[in-house]
$ cat model.txt   # compact mmCIF, C-alpha atoms
# COMPACT_ATOMS: atom_id res chain seq x y z
CA ILE C 300 11.22 6.74 5.89
CA LYS C 301 13.76 9.56 5.74
CA LYS C 302 15.96 7.47 3.39
CA HIS C 303 12.94 6.55 1.26
CA VAL C 304 11.85 10.17 0.96
CA ASP C 305 15.36 11.25 0.03
CA TRP C 306 15.46 8.65 -2.79
CA ILE C 307 12.02 9.67 -4.04
CA HIS C 308 13.00 13.34 -4.00
CA ARG C 309 16.33 12.87 -5.78
CA LYS C 310 15.76 9.86 -8.07
CA LEU C 311 12.12 10.18 -9.08
CA LEU C 312 11.61 13.95 -8.89
CA GLY C 313 15.11 15.12 -9.79
CA GLY C 314 15.30 17.28 -6.66
CA GLN C 315 12.75 19.68 -8.16
CA PRO C 316 9.38 20.66 -6.63
CA GLY C 317 6.50 18.63 -8.03
CA ARG C 318 2.89 17.61 -7.45
CA ILE C 319 2.49 14.29 -5.64
CA LEU C 320 -0.52 12.04 -5.01
CA ASP C 321 -0.17 9.43 -2.25
CA LEU C 322 -2.76 6.62 -2.46
CA GLY C 323 -3.33 4.94 0.90
CA CYS C 324 -1.36 7.73 2.55
CA GLY C 325 -2.09 6.68 6.14
CA PRO C 326 -1.09 9.37 8.67
CA GLY C 327 0.94 11.28 6.05
CA LEU C 328 4.40 10.11 7.07
CA TYR C 329 5.74 10.43 3.52
CA THR C 330 3.71 13.38 2.24
CA ALA C 331 4.57 15.58 5.23
CA ARG C 332 8.28 15.05 4.65
CA LEU C 333 7.98 15.55 0.89
CA ALA C 334 6.05 18.79 1.41
CA LYS C 335 8.89 20.12 3.57
CA LEU C 336 11.17 19.54 0.55
CA GLY C 337 8.99 21.85 -1.53
CA HIS C 338 6.52 19.42 -3.08
CA THR C 339 2.75 19.90 -3.17
CA CYS C 340 1.09 16.74 -1.84
CA THR C 341 -2.38 15.20 -1.79
CA GLY C 342 -3.08 12.08 0.26
CA ILE C 343 -6.12 9.79 0.11
CA ASP C 344 -7.00 7.06 2.61
CA PHE C 345 -10.23 5.37 3.73
CA ALA C 346 -9.24 5.07 7.42
CA PRO C 347 -10.61 7.96 9.54
CA ALA C 348 -8.00 7.94 12.34
CA PRO C 349 -4.89 8.21 10.10
CA ILE C 350 -6.50 10.93 7.97
CA GLU C 351 -7.48 12.87 11.09
CA TYR C 352 -3.87 12.65 12.30
CA ALA C 353 -2.52 13.69 8.88
CA GLN C 354 -4.84 16.69 8.69
CA ARG C 355 -3.97 17.78 12.21
CA HIS C 356 -0.22 17.66 11.51
CA ALA C 357 -0.25 18.74 7.86
CA PRO C 358 2.53 21.18 6.91
CA PRO C 359 1.92 23.82 4.22
CA GLY C 360 1.53 22.18 0.82
CA CYS C 361 -0.34 19.09 2.09
CA GLN C 362 -4.02 18.22 1.82
CA TYR C 363 -5.78 14.98 2.74
CA LEU C 364 -9.02 13.31 1.66
CA LEU C 365 -10.96 10.60 3.51
CA ALA C 366 -12.17 8.32 0.70
CA ASP C 367 -12.01 4.88 -0.91
CA ILE C 368 -9.34 5.12 -3.61
CA ARG C 369 -11.48 2.96 -5.91
CA ALA C 370 -14.14 5.69 -6.00
CA ALA C 371 -12.27 8.90 -5.13
CA ASP C 372 -11.63 11.70 -7.59
CA TYR C 373 -7.83 11.91 -7.85
CA GLY C 374 -7.64 15.12 -9.84
CA SER C 375 -4.92 15.42 -12.49
CA GLY C 376 -1.57 16.96 -13.36
CA TYR C 377 0.61 15.01 -10.91
CA ASP C 378 4.31 14.44 -11.44
CA LEU C 379 4.32 11.40 -9.16
CA VAL C 380 1.74 8.98 -7.77
CA ILE C 381 2.84 6.92 -4.74
CA PHE C 382 1.13 3.58 -3.98
CA ILE C 383 3.29 1.75 -1.43
CA PHE C 384 3.50 -0.71 1.48
CA GLY C 385 1.75 -3.55 -0.36
CA ALA C 386 -1.59 -1.74 -0.60
CA LEU C 387 -2.11 -2.99 -4.17
CA ASN C 388 -2.19 -6.59 -2.91
CA LEU C 389 -5.19 -5.89 -0.69
CA PHE C 390 -7.47 -5.37 -3.69
CA ARG C 391 -9.07 -7.87 -6.04
CA PRO C 392 -7.21 -7.89 -9.40
CA ALA C 393 -10.03 -6.01 -11.16
CA ASP C 394 -10.02 -3.28 -8.49
CA ALA C 395 -6.21 -3.15 -8.54
CA ARG C 396 -6.30 -2.51 -12.29
CA LEU C 397 -9.00 0.16 -11.78
CA VAL C 398 -6.82 2.01 -9.26
CA LEU C 399 -3.78 1.79 -11.53
CA GLU C 400 -5.78 3.10 -14.51
CA LYS C 401 -6.99 6.04 -12.42
CA ALA C 402 -3.44 6.71 -11.25
CA CYS C 403 -2.24 6.76 -14.86
CA ARG C 404 -4.93 9.25 -15.87
CA ALA C 405 -4.04 11.46 -12.89
CA LEU C 406 -0.40 11.78 -13.97
CA LYS C 407 1.04 14.32 -16.36
CA PRO C 408 2.42 12.85 -19.60
CA GLY C 409 5.83 11.48 -18.63
CA GLY C 410 4.83 11.29 -14.95
CA THR C 411 5.84 8.41 -12.69
CA LEU C 412 4.03 5.84 -10.58
CA LEU C 413 5.94 4.50 -7.58
CA LEU C 414 4.51 1.12 -6.61
CA GLU C 415 5.58 -1.09 -3.70
CA ALA C 416 3.93 -4.50 -3.96
CA SER C 417 4.21 -7.46 -1.60
CA SER C 418 6.39 -10.19 -3.08
CA LEU C 419 4.95 -13.59 -3.96
CA ASP C 420 6.97 -15.24 -1.17
CA ALA C 421 5.71 -12.74 1.41
CA VAL C 422 2.05 -13.35 0.52
CA ASP C 423 2.64 -17.12 0.43
CA GLN C 424 3.99 -16.89 4.00
CA ILE C 425 0.87 -15.03 5.13
CA GLY C 426 -1.30 -17.87 3.87
CA ASN C 427 0.82 -20.62 5.42
CA GLN C 428 1.14 -19.41 9.00
CA PRO C 429 0.12 -21.90 11.72
CA ALA C 430 -3.16 -21.33 13.52
CA MET C 431 -2.72 -19.25 16.65
CA TRP C 432 -4.58 -17.41 19.39
CA TYR C 433 -4.01 -14.56 21.82
CA SER C 434 -5.89 -12.65 24.49
CA ALA C 435 -5.95 -8.88 24.81
CA GLY C 436 -7.49 -6.17 26.94
CA SER C 437 -8.20 -4.20 23.77
CA GLY C 438 -6.92 -4.17 20.21
CA LEU C 439 -7.63 -3.90 16.51
CA PHE C 440 -10.83 -5.93 16.63
CA SER C 441 -12.34 -4.82 19.95
CA ASP C 442 -11.91 -2.13 22.59
CA LYS C 443 -12.92 -4.67 25.25
CA PRO C 444 -11.08 -7.70 26.69
CA HIS C 445 -11.27 -10.54 24.18
CA LEU C 446 -9.76 -13.72 22.82
CA CYS C 447 -8.64 -13.88 19.16
CA LEU C 448 -8.47 -17.18 17.28
CA MET C 449 -6.68 -16.92 13.92
CA GLU C 450 -6.31 -19.32 10.98
CA THR C 451 -4.84 -18.83 7.51
CA PHE C 452 -5.23 -20.40 4.07
CA TRP C 453 -3.28 -20.33 0.80
CA ASP C 454 -4.94 -20.84 -2.61
CA ASP C 455 -2.12 -21.80 -4.95
CA GLY C 456 -4.27 -21.49 -8.08
CA LEU C 457 -5.49 -17.98 -7.37
CA LYS C 458 -2.29 -16.96 -5.51
CA VAL C 459 -4.40 -15.61 -2.64
CA ALA C 460 -3.68 -15.72 1.10
CA SER C 461 -6.71 -15.58 3.38
CA GLU C 462 -6.82 -14.85 7.10
CA ARG C 463 -9.78 -15.45 9.42
CA PHE C 464 -10.09 -13.93 12.87
CA PHE C 465 -12.69 -15.12 15.40
CA ILE C 466 -13.06 -12.61 18.24
CA ILE C 467 -14.61 -13.90 21.46
CA ASP C 468 -15.77 -11.22 23.89
CA ALA C 469 -14.43 -12.05 27.36
CA ALA C 470 -17.57 -10.88 29.18
CA SER C 471 -20.40 -12.13 26.97
CA GLY C 472 -18.78 -14.92 24.96
CA GLN C 473 -20.17 -13.37 21.77
CA VAL C 474 -18.19 -14.30 18.67
CA THR C 475 -17.56 -11.98 15.73
CA ARG C 476 -15.73 -13.01 12.56
CA HIS C 477 -13.34 -10.93 10.46
CA ALA C 478 -11.46 -11.92 7.32
CA ALA C 479 -8.78 -10.49 5.05
CA SER C 480 -7.38 -11.59 1.70
CA THR C 481 -4.04 -10.71 0.06
CA GLN C 482 -3.48 -11.18 -3.67
CA ALA C 483 -0.02 -12.27 -4.83
CA TYR C 484 1.56 -11.59 -8.22
CA GLU C 485 4.55 -12.85 -10.17
CA GLU C 486 6.91 -10.11 -11.37
CA ASP C 487 5.77 -10.48 -14.98
CA GLU C 488 2.13 -10.31 -13.88
CA LEU C 489 2.76 -6.97 -12.17
CA GLU C 490 4.50 -5.63 -15.26
CA GLY C 491 1.59 -6.81 -17.42
CA LEU C 492 -0.95 -5.25 -15.06
CA LEU C 493 0.83 -1.89 -15.23
CA LYS C 494 1.02 -1.94 -19.00
CA GLN C 495 -2.67 -2.87 -19.25
CA ALA C 496 -3.40 0.17 -17.06
CA GLY C 497 -1.66 2.45 -19.57
CA PHE C 498 1.92 2.66 -18.30
CA ALA C 499 4.98 2.25 -20.50
CA GLN C 500 8.50 1.86 -19.06
CA VAL C 501 8.47 -0.44 -16.01
CA ASP C 502 11.54 -0.82 -13.75
CA PHE C 503 12.12 -2.91 -10.63
CA TYR C 504 14.29 -1.80 -7.67
CA ALA C 505 15.63 -3.64 -4.64
CA SER C 506 14.02 -1.26 -2.14
CA LEU C 507 12.68 2.26 -1.61
CA THR C 508 16.27 3.42 -1.35
CA GLY C 509 17.05 1.95 -4.77
CA ARG C 510 19.56 -0.56 -3.41
CA GLU C 511 19.74 -3.83 -1.49
CA GLU C 512 19.10 -3.48 2.24
CA ASP C 513 20.50 -5.61 5.07
CA GLU C 514 17.09 -6.59 6.42
CA ILE C 515 14.72 -8.98 4.63
CA ASN C 516 12.55 -7.05 2.16
CA ASP C 517 9.05 -8.44 1.57
CA PHE C 518 8.28 -5.94 -1.19
CA TRP C 519 9.02 -5.33 -4.85
CA VAL C 520 9.60 -1.66 -5.63
CA ILE C 521 8.50 -0.68 -9.13
CA THR C 522 8.38 2.53 -11.13
CA ALA C 523 6.26 2.95 -14.24
CA GLN C 524 6.02 5.94 -16.57
CA LYS C 525 2.97 7.38 -18.25
CA PRO C 526 3.75 7.81 -21.96
CA GLY C 527 4.77 11.37 -22.84

$ encode --input "model.txt" --output "C-alpha cells"
Amino acid sequence: IKKHVDWIHRKLLGGQPGRILDLGCGPGLYTARLAKLGHTCTGIDFAPAPIEYAQRHAPPGCQYLLADIRAADYGSGYDLVIFIFGALNLFRPADARLVLEKACRALKPGGTLLLEASSLDAVDQIGNQPAMWYSAGSGLFSDKPHLCLMETFWDDGLKVASERFFIIDAASGQVTRHAASTQAYEEDELEGLLKQAGFAQVDFYASLTGREEDEINDFWVITAQKPG
C-alpha cells in the first residue's frame, strides 16, 4: 500500500496537495496515508465495520461516509477519484456505468479517475473453481459453528462468475444461502465503458506502482481523465 500511495501521490497528483474521493474505501488504508501527505480525502463505503474503523483512526483531512456508492452524494471538485481492488466488477454493468458517470461529474475538469478492475482471467478463475467445503467456529457468514458448502459457475456469454454458499448451522442444521456475482470485462469493453461515462484519455498500467510486479497481478490498473 505504501508503494501504491507513493505512485498515486507522485504520478497522478504531481506531488501537490489535492482533493481525493475514495469509492469503496474500506477501513481507509489509502486515504489515511494520502491525508498524511497533505491531501484532503473523502471515503465512502457501505460496510459499517470498515467505516467505523476508518472514522476512529482518521487523521486530519479525512472524512468518511457510510453509504451505497450507487446512491450516495459524492460532492464535487475532486482532483482524483479512486475506485480500486476490483470493486467495479461487483456491480451489474448498468450500475457500474452509473457509478462511473457520478465519479466523472464529481471530478474537476481535467481530474483523474484511478480504476483497478479485475482482469478477465481472474474472474474466469473465480467461476471455474471446484466445489469445496469447510467447517468453522465462526466466520464471514455466521458467528456460530457452521459448515460451508461452496459451488461456482461461469457464464461465458455474459462473462459473469457466480458463487453460491450454503451455510449449515452446526447446532440446528438450519441452512442459509448466500450468493455473489462478479462481472468480467475485456480491455476494450472497459475503455468503452469509461468513455460512455464521460471520460476522455484512458491509459492502462501494469500495477498500482505503474510497473510490472514479481507476483501475479489479477487486476488491470486504468486512469481516465475528465475533459478539461

$ closest_residue --input "model.txt" --among "C:Asn388, C:Gln495, C:Ser437, C:Gln354" --to "C:Gly327" --atoms "only C-alpha atoms"
C:Gln354

$ atom_distance --input "model.txt" --atom1 "atom CA of C:Lys302" --atom2 "atom CA of C:Leu336"
13.3 Å

$ atom_distance --input "model.txt" --atom1 "atom CA of C:Lys407" --atom2 "atom CA of C:Gly497"
12.6 Å

$ atom_distance --input "model.txt" --atom1 "atom CA of C:Lys458" --atom2 "atom CA of C:Ala499"
25.4 Å

$ residues_near_point --input "model.txt" --point "(-17.5, -6.9, 25.7)" --cutoff "10 Å" --atoms "all atoms listed in the file" --output "PDB file with C-alpha atoms, in the coordinates of the input"
ATOM      1  CA  SER C 437      -8.200  -4.200  23.770  1.00  0.00           C
ATOM      2  CA  SER C 441     -12.340  -4.820  19.950  1.00  0.00           C
ATOM      3  CA  ASP C 442     -11.910  -2.130  22.590  1.00  0.00           C
ATOM      4  CA  LYS C 443     -12.920  -4.670  25.250  1.00  0.00           C
ATOM      5  CA  PRO C 444     -11.080  -7.700  26.690  1.00  0.00           C
ATOM      6  CA  HIS C 445     -11.270 -10.540  24.180  1.00  0.00           C
ATOM      7  CA  ILE C 467     -14.610 -13.900  21.460  1.00  0.00           C
ATOM      8  CA  ASP C 468     -15.770 -11.220  23.890  1.00  0.00           C
ATOM      9  CA  ALA C 469     -14.430 -12.050  27.360  1.00  0.00           C
ATOM     10  CA  ALA C 470     -17.570 -10.880  29.180  1.00  0.00           C
ATOM     11  CA  SER C 471     -20.400 -12.130  26.970  1.00  0.00           C
ATOM     12  CA  GLY C 472     -18.780 -14.920  24.960  1.00  0.00           C
ATOM     13  CA  GLN C 473     -20.170 -13.370  21.770  1.00  0.00           C
TER      14      GLN C 473
END

$ residues_around --input "model.txt" --residues "C:Tyr352" --least-positions-apart "5" --cutoff "10 Å" --atoms "all atoms listed in the file" --output "NGL selection string"
:C and (325-327 or 347 or 357)

$ residues_around --input "model.txt" --residues "stretch 411-426 of chain C" --least-positions-apart "6" --cutoff "6 Å" --atoms "all atoms listed in the file" --output "VMD selection string"
chain C and resid 379 to 385 451 to 453 460 to 461 483 to 484 517 to 524

$ axis_aligned_box --input "model.txt" --around "stretch 404-411 of chain C" --padding-each-side "5 Å" --output "lines of an AutoDock Vina configuration file"
center_x = 0.5
center_y = 11.4
center_z = -16.1
size_x = 20.8
size_y = 15.9
size_z = 16.9

$ residues_around --input "model.txt" --residues "C:Leu364" --least-positions-apart "6" --cutoff "9 Å" --atoms "only C-alpha atoms" --output "PyMOL selection string"
chain C and resi 341-345+350+354+371

$ closest_residue --input "model.txt" --among "C:Ala402, C:Ile466, C:Cys361, C:Cys324" --to "C:Pro349" --atoms "all atoms listed in the file"
C:Cys324

$ closest_residue --input "model.txt" --among "C:Tyr377, C:Ala386, C:His338, C:Lys494" --to "C:Gly323" --atoms "all atoms listed in the file"
C:Ala386

$ residues_around --input "model.txt" --residues "C:Val398" --least-positions-apart "2" --cutoff "9 Å" --atoms "all atoms listed in the file" --output "PDB file with C-alpha atoms, in the frame of the given file"
ATOM      1  CA  ILE C 368      -9.340   5.120  -3.610  1.00  0.00           C
ATOM      2  CA  ARG C 369     -11.480   2.960  -5.910  1.00  0.00           C
ATOM      3  CA  ALA C 370     -14.140   5.690  -6.000  1.00  0.00           C
ATOM      4  CA  LEU C 387      -2.110  -2.990  -4.170  1.00  0.00           C
ATOM      5  CA  ALA C 393     -10.030  -6.010 -11.160  1.00  0.00           C
ATOM      6  CA  ASP C 394     -10.020  -3.280  -8.490  1.00  0.00           C
ATOM      7  CA  ALA C 395      -6.210  -3.150  -8.540  1.00  0.00           C
ATOM      8  CA  ARG C 396      -6.300  -2.510 -12.290  1.00  0.00           C
ATOM      9  CA  GLU C 400      -5.780   3.100 -14.510  1.00  0.00           C
ATOM     10  CA  LYS C 401      -6.990   6.040 -12.420  1.00  0.00           C
ATOM     11  CA  ALA C 402      -3.440   6.710 -11.250  1.00  0.00           C
ATOM     12  CA  CYS C 403      -2.240   6.760 -14.860  1.00  0.00           C
ATOM     13  CA  ALA C 496      -3.400   0.170 -17.060  1.00  0.00           C
TER      14      ALA C 496
END
